[in-house]
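Q: Take a look at the following structure, please.
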Amino acid sequence: GWREDSPLASPDGASKKKKSKRDKRKGAATPRVEGGGKGEVDGAELNTIDLGQGKSAALYVPTNVAEVEGAVSAEGVKQLLDMYKDSLYGAGDVVWPASIALSRLIAHCPSLVKGKSVLEIGSGLGLCGCVAAAAGASRVVMTDVDGDMLRLAAASAAANGCDDDVETMTLDWGRKESWPDGEFDVVIAADVLYDGDAAAAVAAVAEERAEE
């Protein structure tokens with residue numbers, strides 16, 4: 001069914017009874033958390049990310065990243081976020097779906113980045129940046145606030161044979177003094193708009209560093 005806040009949800013009360021039963025089941029469910037929050041960087045494993053139609057990218061991914069199994073009520077979600085907010089909020093140690101989608105777009109439309117300088121904001125593990133470099137970007141700068149993720153991103157670039165064209169640097173998008181110098185032909189980002197503050201900060205960096 002639709003989420004209750006979906007604009008496509010039924011405007012009448014026809015499904016209230018069904019929702020009530022569903023909410024009761026969710027409220028009674030106890031989620032199980034596997035893993036210890038942020039993944040273990042030192043034990044990162046080299047994975048192959050399928051980009052479709054025979055294309056792929058190598059990516060170092062941390063092990064033991066926390067996963068949630070089972071139905072989770074609204075209150076359960078809040079409790080989990082409170083429990084793991086310091087290690088998982090804005091976490092770059094996960095291969096998020098949007099990064100795979102953007103990487104597939106770049107891999108199959110290399111003209112988007114070929115021969116161009118590319119800035120990746122909030123690169124996390126660096127999938128999009130590595131794919132951009134492999135697609136022929138002249139220079140790729142992968143940025144993130146998490147130094148551990150940048151270390152893995154650099155290792156992934158080497159595993160893909162494109163480390164000569166890739167740089168990594170620490171960027172706290174809330175602190176302008178940490179932004180990279182110069183302008184870039186293309187600015188990319190995936191799964192970074194997880195709250196209002198992040199959206200405004202990412203837009204500011206992109207506007208400032210994208211070549212007009």
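All residue names refer to the structure tokens as shown: chains lettered A, B, ... in order, residues numbered from 1 in each chain, ligands numbered from 1 in order.
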For Asp148 of chain A, list every protein, DNA or RNA residue within 10 Å, evaluated using only C-alpha atoms, and leave out those in the same chain fewer than 2 positions away; present the list as a list in words.

A: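 Listing them by chain and then by number gives Glu40, Val41, Asp42, Pro62, Gly92, Asp93, Gly124, Leu125, Asp144, Val145, Asp146, Leu150, Arg151, Leu152 and Ala153 of chain A.
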
Q: Set the distance at 8 Å and use only C-alpha atoms: which residues neighbour segment 188-195 of chain A once local chain neighbours fewer than 3 positions away are removed? I'd like the list as a PyMOL selection string.

A: chain A and resi 90+96-99+102+118-123+198-199+202

Q: Might you pull out every residue within 9 Å of segment 54-61 of chain A, with only C-alpha atoms counted and same-chain residues fewer than 2 positions away left off, and present them as an MDAnalysis selection string?

A: chainID A and resid 39:41 43:52 63 93:95 104 107:108 125:127 130:131 134 152:153 155:157 159:160

Q: Give me, please, the distance in Å between atom CA of Gly196 of chain A and atom CA of Asn64 of chain A, quoted to one decimal.

A: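 If I compute the distance from atom CA of Gly196 of chain A to atom CA of Asn64 of chain A, I get 29.2 Å.
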
Q: Please give the complete set of residues from segment 119-152 of chain A that DSSP, run on the backbone, assigns to alpha helix (DSSP H), formatted as a JSON list (two decimals) with all heavy atoms, in the first residue's frame.

A:
[["chain", "number", "residue", "atom", "x", "y", "z"],
["A", 127, "LEU", "N", 32.48, 5.12, -5.59],
["A", 127, "LEU", "CA", 32.03, 4.39, -6.78],
["A", 127, "LEU", "C", 31.87, 5.32, -7.97],
["A", 127, "LEU", "O", 32.41, 5.05, -9.05],
["A", 127, "LEU", "CB", 30.72, 3.66, -6.48],
["A", 127, "LEU", "CG", 30.10, 2.92, -7.67],
["A", 127, "LEU", "CD1", 31.04, 1.85, -8.20],
["A", 127, "LEU", "CD2", 28.75, 2.31, -7.26],
["A", 128, "CYS", "N", 31.13, 6.41, -7.80],
["A", 128, "CYS", "CA", 30.86, 7.30, -8.94],
["A", 128, "CYS", "C", 32.14, 7.93, -9.47],
["A", 128, "CYS", "O", 32.33, 8.05, -10.69],
["A", 128, "CYS", "CB", 29.88, 8.39, -8.53],
["A", 128, "CYS", "SG", 28.25, 7.78, -8.02],
["A", 129, "GLY", "N", 33.02, 8.34, -8.56],
["A", 129, "GLY", "CA", 34.27, 8.94, -8.98],
["A", 129, "GLY", "C", 35.15, 7.97, -9.76],
["A", 129, "GLY", "O", 35.76, 8.34, -10.77],
["A", 130, "CYS", "N", 35.21, 6.73, -9.29],
["A", 130, "CYS", "CA", 36.00, 5.71, -10.00],
["A", 130, "CYS", "C", 35.44, 5.44, -11.39],
["A", 130, "CYS", "O", 36.18, 5.30, -12.36],
["A", 130, "CYS", "CB", 36.03, 4.42, -9.18],
["A", 130, "CYS", "SG", 37.07, 4.49, -7.70],
["A", 131, "VAL", "N", 34.12, 5.38, -11.48],
["A", 131, "VAL", "CA", 33.49, 5.12, -12.78],
["A", 131, "VAL", "C", 33.71, 6.31, -13.71],
["A", 131, "VAL", "O", 33.95, 6.13, -14.91],
["A", 131, "VAL", "CB", 31.99, 4.84, -12.60],
["A", 131, "VAL", "CG1", 31.27, 4.75, -13.95],
["A", 131, "VAL", "CG2", 31.78, 3.53, -11.83],
["A", 132, "ALA", "N", 33.65, 7.53, -13.17],
["A", 132, "ALA", "CA", 33.91, 8.71, -13.99],
["A", 132, "ALA", "C", 35.33, 8.70, -14.54],
["A", 132, "ALA", "O", 35.56, 9.01, -15.72],
["A", 132, "ALA", "CB", 33.66, 9.98, -13.17],
["A", 133, "ALA", "N", 36.29, 8.32, -13.71],
["A", 133, "ALA", "CA", 37.68, 8.24, -14.16],
["A", 133, "ALA", "C", 37.84, 7.17, -15.23],
["A", 133, "ALA", "O", 38.52, 7.38, -16.24],
["A", 133, "ALA", "CB", 38.60, 7.96, -12.98],
["A", 134, "ALA", "N", 37.21, 6.02, -15.01],
["A", 134, "ALA", "CA", 37.29, 4.93, -15.98],
["A", 134, "ALA", "C", 36.61, 5.30, -17.30],
["A", 134, "ALA", "O", 36.97, 4.78, -18.36],
["A", 134, "ALA", "CB", 36.66, 3.67, -15.40],
["A", 147, "GLY", "N", 37.75, 10.53, 6.46],
["A", 147, "GLY", "CA", 39.05, 10.13, 5.92],
["A", 147, "GLY", "C", 39.17, 8.65, 5.63],
["A", 147, "GLY", "O", 39.86, 8.25, 4.69],
["A", 148, "ASP", "N", 38.52, 7.81, 6.44],
["A", 148, "ASP", "CA", 38.55, 6.37, 6.20],
["A", 148, "ASP", "C", 37.93, 6.02, 4.85],
["A", 148, "ASP", "O", 38.44, 5.17, 4.12],
["A", 148, "ASP", "CB", 37.81, 5.62, 7.31],
["A", 148, "ASP", "CG", 38.58, 5.60, 8.61],
["A", 148, "ASP", "OD1", 39.82, 5.75, 8.58],
["A", 148, "ASP", "OD2", 37.95, 5.41, 9.67],
["A", 149, "MET", "N", 36.82, 6.68, 4.53],
["A", 149, "MET", "CA", 36.16, 6.42, 3.26],
["A", 149, "MET", "C", 37.03, 6.89, 2.09],
["A", 149, "MET", "O", 37.09, 6.24, 1.04],
["A", 149, "MET", "CB", 34.80, 7.11, 3.20],
["A", 149, "MET", "CG", 33.80, 6.61, 4.26],
["A", 149, "MET", "SD", 33.54, 4.81, 4.23],
["A", 149, "MET", "CE", 34.53, 4.31, 5.65],
["A", 150, "LEU", "N", 37.71, 8.00, 2.26],
["A", 150, "LEU", "CA", 38.59, 8.49, 1.21],
["A", 150, "LEU", "C", 39.75, 7.53, 0.97],
["A", 150, "LEU", "O", 40.18, 7.33, -0.18],
["A", 150, "LEU", "CB", 39.12, 9.88, 1.57],
["A", 150, "LEU", "CG", 38.09, 11.02, 1.55],
["A", 150, "LEU", "CD1", 38.74, 12.32, 2.03],
["A", 150, "LEU", "CD2", 37.51, 11.20, 0.15],
["A", 151, "ARG", "N", 40.23, 6.92, 2.05],
["A", 151, "ARG", "CA", 41.31, 5.94, 1.90],
["A", 151, "ARG", "C", 40.85, 4.74, 1.07],
["A", 151, "ARG", "O", 41.58, 4.24, 0.20],
["A", 151, "ARG", "CB", 41.79, 5.49, 3.28],
["A", 151, "ARG", "CG", 42.93, 4.48, 3.27],
["A", 151, "ARG", "CD", 43.70, 4.51, 4.57],
["A", 151, "ARG", "NE", 42.88, 4.21, 5.74],
["A", 151, "ARG", "CZ", 42.68, 2.98, 6.21],
["A", 151, "ARG", "NH1", 43.26, 1.95, 5.60],
["A", 151, "ARG", "NH2", 41.95, 2.77, 7.27],
["A", 152, "LEU", "N", 39.63, 4.29, 1.33],
["A", 152, "LEU", "CA", 39.08, 3.18, 0.55],
["A", 152, "LEU", "C", 38.79, 3.61, -0.88],
["A", 152, "LEU", "O", 38.99, 2.83, -1.83],
["A", 152, "LEU", "CB", 37.80, 2.66, 1.21],
["A", 152, "LEU", "CG", 37.96, 1.93, 2.54],
["A", 152, "LEU", "CD1", 36.61, 1.42, 3.03],
["A", 152, "LEU", "CD2", 38.96, 0.78, 2.42]]

Q: Separation of atom CA of Val166 of chain A and atom CA of Ala101 of chain A, in Å?

A: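 Here the two named atoms are 20.7 Å from each other.
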
Q: Between atom CA of Leu105 of chain A and atom CA of Val187 of chain A, what distance in Å does the model show, to one decimal?

A: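 About the pair atom CA of Leu105 of chain A and atom CA of Val187 of chain A: they are 14.3 Å apart.
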
Q: So, counting only C-alpha atoms, which residue among A:Val140, A:Val186, A:Ala135, A:Cys109 is closest to Glu208 of chain A?

A: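 Nearest candidate to Glu208 of chain A out of A:Val140, A:Val186, A:Ala135, A:Cys109: A:Val186.
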
Q: For Gly182 of chain A, which residue among A:Thr168, A:Ser138, A:Ser117, A:Thr143 is the nearest when counting only C-alpha atoms?

A: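 Result for the nearest residue to Gly182 of chain A: A:Ser117.
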
Q: Determine the nearest neighbour of Lys114 of chain A from the options A:Glu211, A:Glu177, A:Asp165, A:Asp172, counting only C-alpha atoms.

A: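 Closest residue, counting only C-alpha atoms: A:Asp165.
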
Q: DSSP on the backbone: what in segment 59-196 of chain A comes out strand (DSSP E), as number ranges by chain?

A: A: 59-63, 67-69, 117-120, 139-144, 166-170, 186-188
